[in-house]
Amino acid sequence: MLNKTRLVARYTAGERMNHWFVAMTFILLALSGLALFHPFFFFLTNLFGGGPWTRILHPFIGVVMFVSFLSLVVKFWSNNFITRADLEWQKHLGEILANTATDLPEVGKYNIGQKYLFWALVVIIPTLVLTGFVIWRPYFAAFFPIPVIRVAVLVHSVAAFIAISAIIVHIYAAIWTSGSIRAMTRGTVSAAWAKHHHAAWYKKVTEENKL
Ligand code: HEM
């Protein structure tokens with residue numbers, strides 16, 4: 001919907017609350033996970049009430065994050081299918097980053113980079129949860145042989161490294177693409193931002209609303 005100041009609605013309040021809940025729980029998991037990963041990060045346990053509390057809370061926060069992440073995935077699923085236009089757009093990435101691109105295919109609600117992030121998270125977050133259950137003492141680890149637990153610890157750490165790296169890129173891209181943050185804070189973007197970054201989505205929402 002467009003209003004007098006030429007703003008376009010991009011996220012509902014529910015979508016934004018869901019996103020920031022996932023983001024907050026993700027940060028808590030990254031901080032508590034790093035604290036458990038290496039003594040260098042042990043000082044981070046102070047944020048969670050000490051070592052034992054960090055160890056107790058981390059997996060429970062993981063379950064809460066997973067459930068809220070699933071809800072986010074359902075909400076964003078249909079806008080993240082990769083199209084031929086996305087693949088064509090991707091070929092011009094160098095020019096896009098240098099801001100010299102012309103005649104690009106029009107981008108829908110998300111560009112291909114955002115879609116890659118989405119699908120990467122769809123694979124990595126369940127991997128973290130599944131391996132997390134395998135290594136979760138005292139409740140579940142007893143059901144698995146020790147070699148399986150060892151592999152699960154390794155996969156859990158690698159998956160966490162990938163997830164944290166992907167989210168750092170996500171945050172950087174959100175800040176770097178000026179005008180994006182307000183989409184997730186206020187729910188709206190400027191019409192100019194929408195036309196420039198997501199022209200096909202802009203046309204769709206303005207046509208649907210006859211604006
Ligand atoms: C804490 C710092 C974070 C910031 C500043 C941030 C910022 C944003 C912004 C501005 C958007 C809207 C982009 C647009 O509409 O084009 C967005 C979308 C999104 N965010 Fe975040 N985010 C953060 C953390 C996270 C985390 C931790 C996750 C998941 C684990 C996440 C998952 C998503 C997803 C799935 C989208 C939809 C776009 C897509 O499919 O890639 N975000 N975020």
# chains A, B, ... in the order shown; residues from 1 in each chain; ligands from 1
$ residues_near_ligand --ligand "ligand 1" --cutoff "8 Å" --atoms "only C-alpha atoms and all ligand atoms" --output "short mmCIF file (atom, residue, chain, number, x, y, z; two decimals) with all heavy atoms, in the first residue's frame"
data_model
loop_
_atom_site.label_atom_id
_atom_site.label_comp_id
_atom_site.auth_asym_id
_atom_site.auth_seq_id
_atom_site.Cartn_x
_atom_site.Cartn_y
_atom_site.Cartn_z
N ARG A 10 5.99 -3.40 3.50
CA ARG A 10 6.77 -4.60 3.12
C ARG A 10 6.59 -5.74 4.12
O ARG A 10 6.57 -6.88 3.76
CB ARG A 10 8.25 -4.19 3.00
CG ARG A 10 9.13 -5.27 2.38
CD ARG A 10 10.37 -4.65 1.79
NE ARG A 10 11.40 -5.63 1.47
CZ ARG A 10 11.48 -6.29 0.32
NH1 ARG A 10 10.57 -6.10 -0.62
NH2 ARG A 10 12.46 -7.13 0.09
N TYR A 11 6.45 -5.39 5.41
CA TYR A 11 6.27 -6.45 6.41
C TYR A 11 5.15 -6.07 7.37
O TYR A 11 5.06 -4.92 7.80
CB TYR A 11 7.56 -6.67 7.22
CG TYR A 11 8.67 -7.25 6.39
CD1 TYR A 11 9.77 -6.48 6.03
CD2 TYR A 11 8.59 -8.56 5.95
CE1 TYR A 11 10.78 -7.00 5.24
CE2 TYR A 11 9.60 -9.09 5.15
CZ TYR A 11 10.68 -8.31 4.80
OH TYR A 11 11.66 -8.84 4.01
N HIS A 19 10.52 -12.02 13.07
CA HIS A 19 11.92 -11.86 12.64
C HIS A 19 12.82 -11.45 13.80
O HIS A 19 13.88 -12.02 14.03
CB HIS A 19 12.00 -10.83 11.50
CG HIS A 19 13.41 -10.49 11.12
ND1 HIS A 19 14.09 -9.44 11.69
CD2 HIS A 19 14.28 -11.07 10.25
CE1 HIS A 19 15.32 -9.39 11.17
NE2 HIS A 19 15.47 -10.36 10.29
N TRP A 20 12.38 -10.45 14.60
CA TRP A 20 13.26 -9.95 15.67
C TRP A 20 13.34 -10.94 16.82
O TRP A 20 14.35 -11.00 17.53
CB TRP A 20 12.82 -8.56 16.14
CG TRP A 20 13.10 -7.53 15.08
CD1 TRP A 20 12.18 -6.72 14.47
CD2 TRP A 20 14.36 -7.22 14.47
NE1 TRP A 20 12.79 -5.93 13.52
CE2 TRP A 20 14.12 -6.20 13.50
CE3 TRP A 20 15.67 -7.69 14.63
CZ2 TRP A 20 15.15 -5.66 12.71
CZ3 TRP A 20 16.68 -7.16 13.84
CH2 TRP A 20 16.42 -6.16 12.90
N VAL A 22 13.38 -14.22 16.35
CA VAL A 22 14.38 -15.18 15.85
C VAL A 22 15.77 -14.56 15.98
O VAL A 22 16.72 -15.21 16.43
CB VAL A 22 14.09 -15.57 14.38
CG1 VAL A 22 15.23 -16.41 13.80
CG2 VAL A 22 12.78 -16.35 14.27
N ALA A 23 15.89 -13.28 15.59
CA ALA A 23 17.21 -12.62 15.63
C ALA A 23 17.74 -12.58 17.07
O ALA A 23 18.92 -12.89 17.30
CB ALA A 23 17.10 -11.20 15.06
N MET A 24 16.89 -12.22 18.03
CA MET A 24 17.36 -12.12 19.43
C MET A 24 17.77 -13.49 19.97
O MET A 24 18.81 -13.62 20.60
CB MET A 24 16.27 -11.51 20.31
CG MET A 24 16.20 -10.01 20.16
SD MET A 24 15.09 -9.24 21.33
CE MET A 24 13.57 -10.00 20.98
N THR A 25 16.95 -14.50 19.69
CA THR A 25 17.30 -15.83 20.20
C THR A 25 18.56 -16.34 19.49
O THR A 25 19.40 -17.01 20.11
CB THR A 25 16.14 -16.84 20.05
OG1 THR A 25 15.60 -16.72 18.74
CG2 THR A 25 15.06 -16.61 21.07
N PHE A 26 18.70 -15.98 18.20
CA PHE A 26 19.90 -16.41 17.47
C PHE A 26 21.16 -15.81 18.11
O PHE A 26 22.16 -16.50 18.30
CB PHE A 26 19.80 -15.99 16.00
CG PHE A 26 20.94 -16.48 15.16
CD1 PHE A 26 20.87 -17.70 14.50
CD2 PHE A 26 22.11 -15.73 15.03
CE1 PHE A 26 21.94 -18.17 13.75
CE2 PHE A 26 23.18 -16.19 14.27
CZ PHE A 26 23.09 -17.41 13.62
N ILE A 27 21.09 -14.53 18.46
CA ILE A 27 22.25 -13.87 19.07
C ILE A 27 22.58 -14.51 20.43
O ILE A 27 23.74 -14.78 20.74
CB ILE A 27 22.02 -12.34 19.17
CG1 ILE A 27 22.07 -11.74 17.76
CG2 ILE A 27 23.06 -11.67 20.07
CD1 ILE A 27 21.55 -10.34 17.65
N PHE A 69 11.71 -19.93 14.27
CA PHE A 69 12.29 -19.91 12.92
C PHE A 69 11.36 -20.62 11.93
O PHE A 69 11.15 -20.15 10.80
CB PHE A 69 13.69 -20.56 12.93
CG PHE A 69 14.30 -20.68 11.56
CD1 PHE A 69 14.79 -19.54 10.90
CD2 PHE A 69 14.39 -21.90 10.92
CE1 PHE A 69 15.35 -19.64 9.64
CE2 PHE A 69 14.95 -22.01 9.66
CZ PHE A 69 15.43 -20.88 9.01
N LEU A 72 8.76 -18.34 10.83
CA LEU A 72 9.29 -17.36 9.88
C LEU A 72 9.42 -17.98 8.48
O LEU A 72 9.09 -17.35 7.47
CB LEU A 72 10.66 -16.86 10.37
CG LEU A 72 11.20 -15.59 9.73
CD1 LEU A 72 10.41 -14.38 10.20
CD2 LEU A 72 12.67 -15.38 10.08
N VAL A 73 9.87 -19.23 8.45
CA VAL A 73 10.05 -19.93 7.17
C VAL A 73 8.71 -20.06 6.45
O VAL A 73 8.62 -19.81 5.25
CB VAL A 73 10.70 -21.32 7.41
CG1 VAL A 73 10.61 -22.20 6.16
CG2 VAL A 73 12.15 -21.17 7.83
N PHE A 76 7.80 -16.70 4.90
CA PHE A 76 8.63 -16.18 3.81
C PHE A 76 8.84 -17.18 2.66
O PHE A 76 9.42 -16.84 1.64
CB PHE A 76 10.02 -15.76 4.34
CG PHE A 76 9.99 -14.55 5.27
CD1 PHE A 76 11.14 -14.12 5.90
CD2 PHE A 76 8.83 -13.85 5.49
CE1 PHE A 76 11.14 -13.01 6.75
CE2 PHE A 76 8.80 -12.74 6.35
CZ PHE A 76 9.96 -12.32 6.98
N TRP A 77 8.38 -18.41 2.84
CA TRP A 77 8.63 -19.52 1.91
C TRP A 77 8.34 -19.16 0.45
O TRP A 77 9.19 -19.25 -0.42
CB TRP A 77 7.77 -20.71 2.36
CG TRP A 77 7.95 -21.96 1.57
CD1 TRP A 77 7.21 -22.35 0.48
CD2 TRP A 77 8.92 -23.01 1.81
NE1 TRP A 77 7.66 -23.57 0.05
CE2 TRP A 77 8.70 -24.01 0.84
CE3 TRP A 77 9.93 -23.20 2.75
CZ2 TRP A 77 9.45 -25.17 0.78
CZ3 TRP A 77 10.69 -24.38 2.69
CH2 TRP A 77 10.45 -25.33 1.71
N ASN A 79 8.01 -16.56 -1.25
CA ASN A 79 8.73 -15.47 -1.95
C ASN A 79 10.19 -15.80 -2.19
O ASN A 79 10.95 -14.94 -2.66
CB ASN A 79 8.64 -14.18 -1.13
CG ASN A 79 7.29 -13.52 -1.30
OD1 ASN A 79 6.85 -13.28 -2.41
ND2 ASN A 79 6.62 -13.26 -0.19
N ASN A 80 10.61 -17.02 -1.84
CA ASN A 80 12.04 -17.34 -1.93
C ASN A 80 12.39 -18.38 -2.99
O ASN A 80 13.51 -18.89 -3.01
CB ASN A 80 12.57 -17.77 -0.57
CG ASN A 80 12.96 -16.54 0.26
OD1 ASN A 80 13.93 -15.87 -0.02
ND2 ASN A 80 12.15 -16.22 1.26
N LYS A 109 10.28 -9.87 -4.61
CA LYS A 109 10.36 -9.39 -3.22
C LYS A 109 11.77 -9.56 -2.66
O LYS A 109 12.24 -8.74 -1.88
CB LYS A 109 9.35 -10.12 -2.32
CG LYS A 109 9.39 -9.55 -0.90
CD LYS A 109 8.13 -9.79 -0.13
CE LYS A 109 8.19 -9.07 1.20
NZ LYS A 109 7.03 -9.28 2.04
N TYR A 110 12.46 -10.64 -3.08
CA TYR A 110 13.85 -10.85 -2.62
C TYR A 110 14.78 -11.07 -3.80
O TYR A 110 14.38 -11.65 -4.80
CB TYR A 110 13.91 -12.07 -1.68
CG TYR A 110 13.08 -11.88 -0.44
CD1 TYR A 110 12.01 -12.72 -0.16
CD2 TYR A 110 13.34 -10.81 0.42
CE1 TYR A 110 11.23 -12.51 0.97
CE2 TYR A 110 12.56 -10.60 1.54
CZ TYR A 110 11.51 -11.45 1.81
OH TYR A 110 10.74 -11.23 2.92
N ASN A 111 16.03 -10.60 -3.67
CA ASN A 111 17.02 -10.89 -4.71
C ASN A 111 17.65 -12.26 -4.43
O ASN A 111 17.42 -12.86 -3.39
CB ASN A 111 18.06 -9.75 -4.83
CG ASN A 111 18.93 -9.63 -3.59
OD1 ASN A 111 19.33 -10.63 -3.00
ND2 ASN A 111 19.21 -8.40 -3.19
N GLY A 113 20.57 -13.24 -3.64
CA GLY A 113 21.42 -13.33 -2.45
C GLY A 113 20.58 -13.59 -1.22
O GLY A 113 20.90 -14.45 -0.38
N GLN A 114 19.46 -12.86 -1.12
CA GLN A 114 18.56 -13.06 0.02
C GLN A 114 17.96 -14.46 -0.01
O GLN A 114 17.78 -15.09 1.04
CB GLN A 114 17.44 -12.01 -0.02
CG GLN A 114 17.94 -10.60 0.21
CD GLN A 114 16.82 -9.58 0.02
OE1 GLN A 114 16.27 -9.43 -1.07
NE2 GLN A 114 16.46 -8.87 1.08
N LYS A 115 17.68 -14.95 -1.23
CA LYS A 115 17.11 -16.30 -1.35
C LYS A 115 18.13 -17.36 -0.95
O LYS A 115 17.78 -18.34 -0.28
CB LYS A 115 16.60 -16.53 -2.77
CG LYS A 115 15.39 -15.67 -3.10
CD LYS A 115 14.89 -15.88 -4.52
CE LYS A 115 13.71 -14.96 -4.80
NZ LYS A 115 13.17 -15.12 -6.15
N TYR A 116 19.39 -17.15 -1.33
CA TYR A 116 20.42 -18.11 -0.91
C TYR A 116 20.50 -18.13 0.62
O TYR A 116 20.63 -19.19 1.23
CB TYR A 116 21.80 -17.73 -1.47
CG TYR A 116 22.00 -18.05 -2.94
CD1 TYR A 116 22.78 -17.22 -3.75
CD2 TYR A 116 21.46 -19.19 -3.52
CE1 TYR A 116 22.98 -17.51 -5.09
CE2 TYR A 116 21.66 -19.49 -4.86
CZ TYR A 116 22.41 -18.65 -5.64
OH TYR A 116 22.61 -18.93 -6.96
N LEU A 117 20.43 -16.96 1.24
CA LEU A 117 20.49 -16.92 2.71
C LEU A 117 19.33 -17.74 3.29
O LEU A 117 19.51 -18.56 4.19
CB LEU A 117 20.41 -15.49 3.25
CG LEU A 117 20.26 -15.47 4.77
CD1 LEU A 117 21.62 -15.52 5.45
CD2 LEU A 117 19.47 -14.30 5.29
N PHE A 118 18.14 -17.50 2.73
CA PHE A 118 16.95 -18.18 3.23
C PHE A 118 17.13 -19.70 3.17
O PHE A 118 16.94 -20.40 4.16
CB PHE A 118 15.73 -17.76 2.38
CG PHE A 118 14.45 -18.41 2.79
CD1 PHE A 118 13.70 -17.92 3.85
CD2 PHE A 118 13.98 -19.55 2.13
CE1 PHE A 118 12.51 -18.52 4.24
CE2 PHE A 118 12.80 -20.16 2.51
CZ PHE A 118 12.06 -19.65 3.56
N TRP A 119 17.55 -20.21 1.99
CA TRP A 119 17.67 -21.68 1.84
C TRP A 119 18.84 -22.22 2.66
O TRP A 119 18.77 -23.36 3.16
CB TRP A 119 17.77 -22.07 0.36
CG TRP A 119 16.50 -21.73 -0.36
CD1 TRP A 119 16.33 -20.80 -1.34
CD2 TRP A 119 15.19 -22.29 -0.12
NE1 TRP A 119 15.00 -20.72 -1.72
CE2 TRP A 119 14.28 -21.63 -0.99
CE3 TRP A 119 14.68 -23.25 0.76
CZ2 TRP A 119 12.91 -21.92 -1.02
CZ3 TRP A 119 13.32 -23.54 0.73
CH2 TRP A 119 12.45 -22.88 -0.15
N LEU A 121 19.72 -21.10 5.55
CA LEU A 121 19.20 -21.22 6.93
C LEU A 121 18.24 -22.38 7.06
O LEU A 121 18.22 -23.07 8.09
CB LEU A 121 18.51 -19.91 7.34
CG LEU A 121 19.42 -18.69 7.52
CD1 LEU A 121 18.59 -17.43 7.72
CD2 LEU A 121 20.38 -18.88 8.68
N ILE A 125 19.71 -24.49 10.12
CA ILE A 125 19.06 -24.43 11.45
C ILE A 125 18.54 -25.82 11.87
O ILE A 125 18.82 -26.26 12.99
CB ILE A 125 17.96 -23.34 11.49
CG1 ILE A 125 18.53 -21.98 11.09
CG2 ILE A 125 17.22 -23.31 12.84
CD1 ILE A 125 19.21 -21.14 12.11
N ALA A 163 26.31 -20.72 10.07
CA ALA A 163 25.12 -19.91 10.38
C ALA A 163 25.53 -18.51 10.85
O ALA A 163 24.99 -17.50 10.39
CB ALA A 163 24.27 -20.60 11.44
N ILE A 167 24.79 -14.98 8.93
CA ILE A 167 24.02 -13.90 9.55
C ILE A 167 24.85 -12.60 9.60
O ILE A 167 24.30 -11.50 9.44
CB ILE A 167 23.49 -14.31 10.95
CG1 ILE A 167 22.42 -15.41 10.79
CG2 ILE A 167 22.93 -13.12 11.72
CD1 ILE A 167 21.21 -15.01 9.93
N ILE A 168 26.18 -12.72 9.76
CA ILE A 168 27.02 -11.51 9.70
C ILE A 168 26.89 -10.86 8.31
O ILE A 168 26.70 -9.65 8.19
CB ILE A 168 28.49 -11.84 10.06
CG1 ILE A 168 28.60 -12.18 11.55
CG2 ILE A 168 29.43 -10.66 9.71
CD1 ILE A 168 29.95 -12.70 12.02
N HIS A 170 24.34 -11.22 6.31
CA HIS A 170 22.95 -10.72 6.26
C HIS A 170 22.84 -9.33 6.91
O HIS A 170 22.25 -8.41 6.35
CB HIS A 170 22.06 -11.74 6.98
CG HIS A 170 20.63 -11.34 7.15
ND1 HIS A 170 19.79 -11.09 6.09
CD2 HIS A 170 19.87 -11.14 8.27
CE1 HIS A 170 18.60 -10.75 6.55
NE2 HIS A 170 18.62 -10.78 7.87
N ILE A 171 23.45 -9.17 8.08
CA ILE A 171 23.38 -7.89 8.80
C ILE A 171 24.13 -6.82 8.00
O ILE A 171 23.64 -5.70 7.80
CB ILE A 171 23.96 -8.01 10.23
CG1 ILE A 171 23.12 -8.99 11.05
CG2 ILE A 171 24.03 -6.64 10.92
CD1 ILE A 171 23.73 -9.39 12.39
N TYR A 172 25.31 -7.20 7.47
CA TYR A 172 26.10 -6.26 6.69
C TYR A 172 25.30 -5.79 5.45
O TYR A 172 25.24 -4.59 5.16
CB TYR A 172 27.42 -6.92 6.27
CG TYR A 172 28.31 -6.03 5.45
CD1 TYR A 172 29.03 -5.01 6.06
CD2 TYR A 172 28.40 -6.18 4.07
CE1 TYR A 172 29.83 -4.17 5.31
CE2 TYR A 172 29.20 -5.34 3.31
CZ TYR A 172 29.91 -4.34 3.93
OH TYR A 172 30.69 -3.50 3.19
N ALA A 174 22.08 -5.80 5.07
CA ALA A 174 20.91 -5.00 5.48
C ALA A 174 21.33 -3.55 5.75
O ALA A 174 20.62 -2.61 5.40
CB ALA A 174 20.27 -5.61 6.71
N ILE A 175 22.52 -3.38 6.35
CA ILE A 175 22.99 -2.01 6.65
C ILE A 175 23.49 -1.34 5.37
O ILE A 175 23.21 -0.18 5.10
CB ILE A 175 24.10 -2.06 7.73
CG1 ILE A 175 23.54 -2.61 9.04
CG2 ILE A 175 24.73 -0.67 7.95
CD1 ILE A 175 24.58 -2.96 10.09
N SER A 180 16.98 -0.34 3.93
CA SER A 180 16.41 -1.68 4.17
C SER A 180 15.98 -1.88 5.61
O SER A 180 14.97 -2.55 5.87
CB SER A 180 17.44 -2.78 3.86
OG SER A 180 17.79 -2.73 2.52
N ILE A 181 16.76 -1.34 6.55
CA ILE A 181 16.50 -1.64 7.97
C ILE A 181 15.07 -1.23 8.36
O ILE A 181 14.40 -1.95 9.08
CB ILE A 181 17.54 -0.93 8.88
CG1 ILE A 181 18.95 -1.45 8.60
CG2 ILE A 181 17.18 -1.06 10.36
CD1 ILE A 181 19.29 -2.79 9.22
N ARG A 182 14.62 -0.08 7.81
CA ARG A 182 13.29 0.38 8.19
C ARG A 182 12.20 -0.61 7.75
O ARG A 182 11.12 -0.64 8.33
CB ARG A 182 12.99 1.78 7.64
CG ARG A 182 13.01 1.88 6.12
CD ARG A 182 12.39 3.19 5.65
NE ARG A 182 11.00 3.28 6.05
CZ ARG A 182 10.42 4.39 6.49
NH1 ARG A 182 11.11 5.50 6.59
NH2 ARG A 182 9.15 4.39 6.83
N ALA A 183 12.50 -1.45 6.73
CA ALA A 183 11.53 -2.47 6.32
C ALA A 183 11.20 -3.37 7.50
O ALA A 183 10.04 -3.73 7.73
CB ALA A 183 12.09 -3.29 5.17
N MET A 184 12.25 -3.71 8.29
CA MET A 184 12.06 -4.64 9.41
C MET A 184 11.81 -3.91 10.73
O MET A 184 11.49 -4.56 11.73
CB MET A 184 13.30 -5.52 9.58
CG MET A 184 13.22 -6.90 9.01
SD MET A 184 11.72 -7.78 9.37
CE MET A 184 11.86 -9.07 8.16
N THR A 185 11.98 -2.59 10.77
CA THR A 185 11.67 -1.89 12.02
C THR A 185 10.29 -1.22 11.91
O THR A 185 9.43 -1.42 12.76
CB THR A 185 12.75 -0.83 12.35
OG1 THR A 185 12.96 -0.01 11.19
CG2 THR A 185 14.05 -1.47 12.76
#
$ select_by_dssp --residues "range 1-113 of chain A" --states "alpha helix (DSSP H)" --output "PyMOL selection string"
chain A and resi 13-37+51-76+84-90+93-98+112-113
$ closest_residue --among "A:Ile112, A:Ala142, A:Ile56, A:Pro105" --to "Ala199 in chain A" --atoms "only C-alpha atoms"
A:Pro105
$ atom_distance --atom1 "CA of Val63 in chain A" --atom2 "CA of Ile146 in chain A"
22.9 Å
$ residues_around --residues "Ile61 in chain A" --least-positions-apart "3" --cutoff "9 Å" --atoms "only C-alpha atoms" --output "number ranges by chain"
A: 25-26, 28-29, 57-58, 64-66
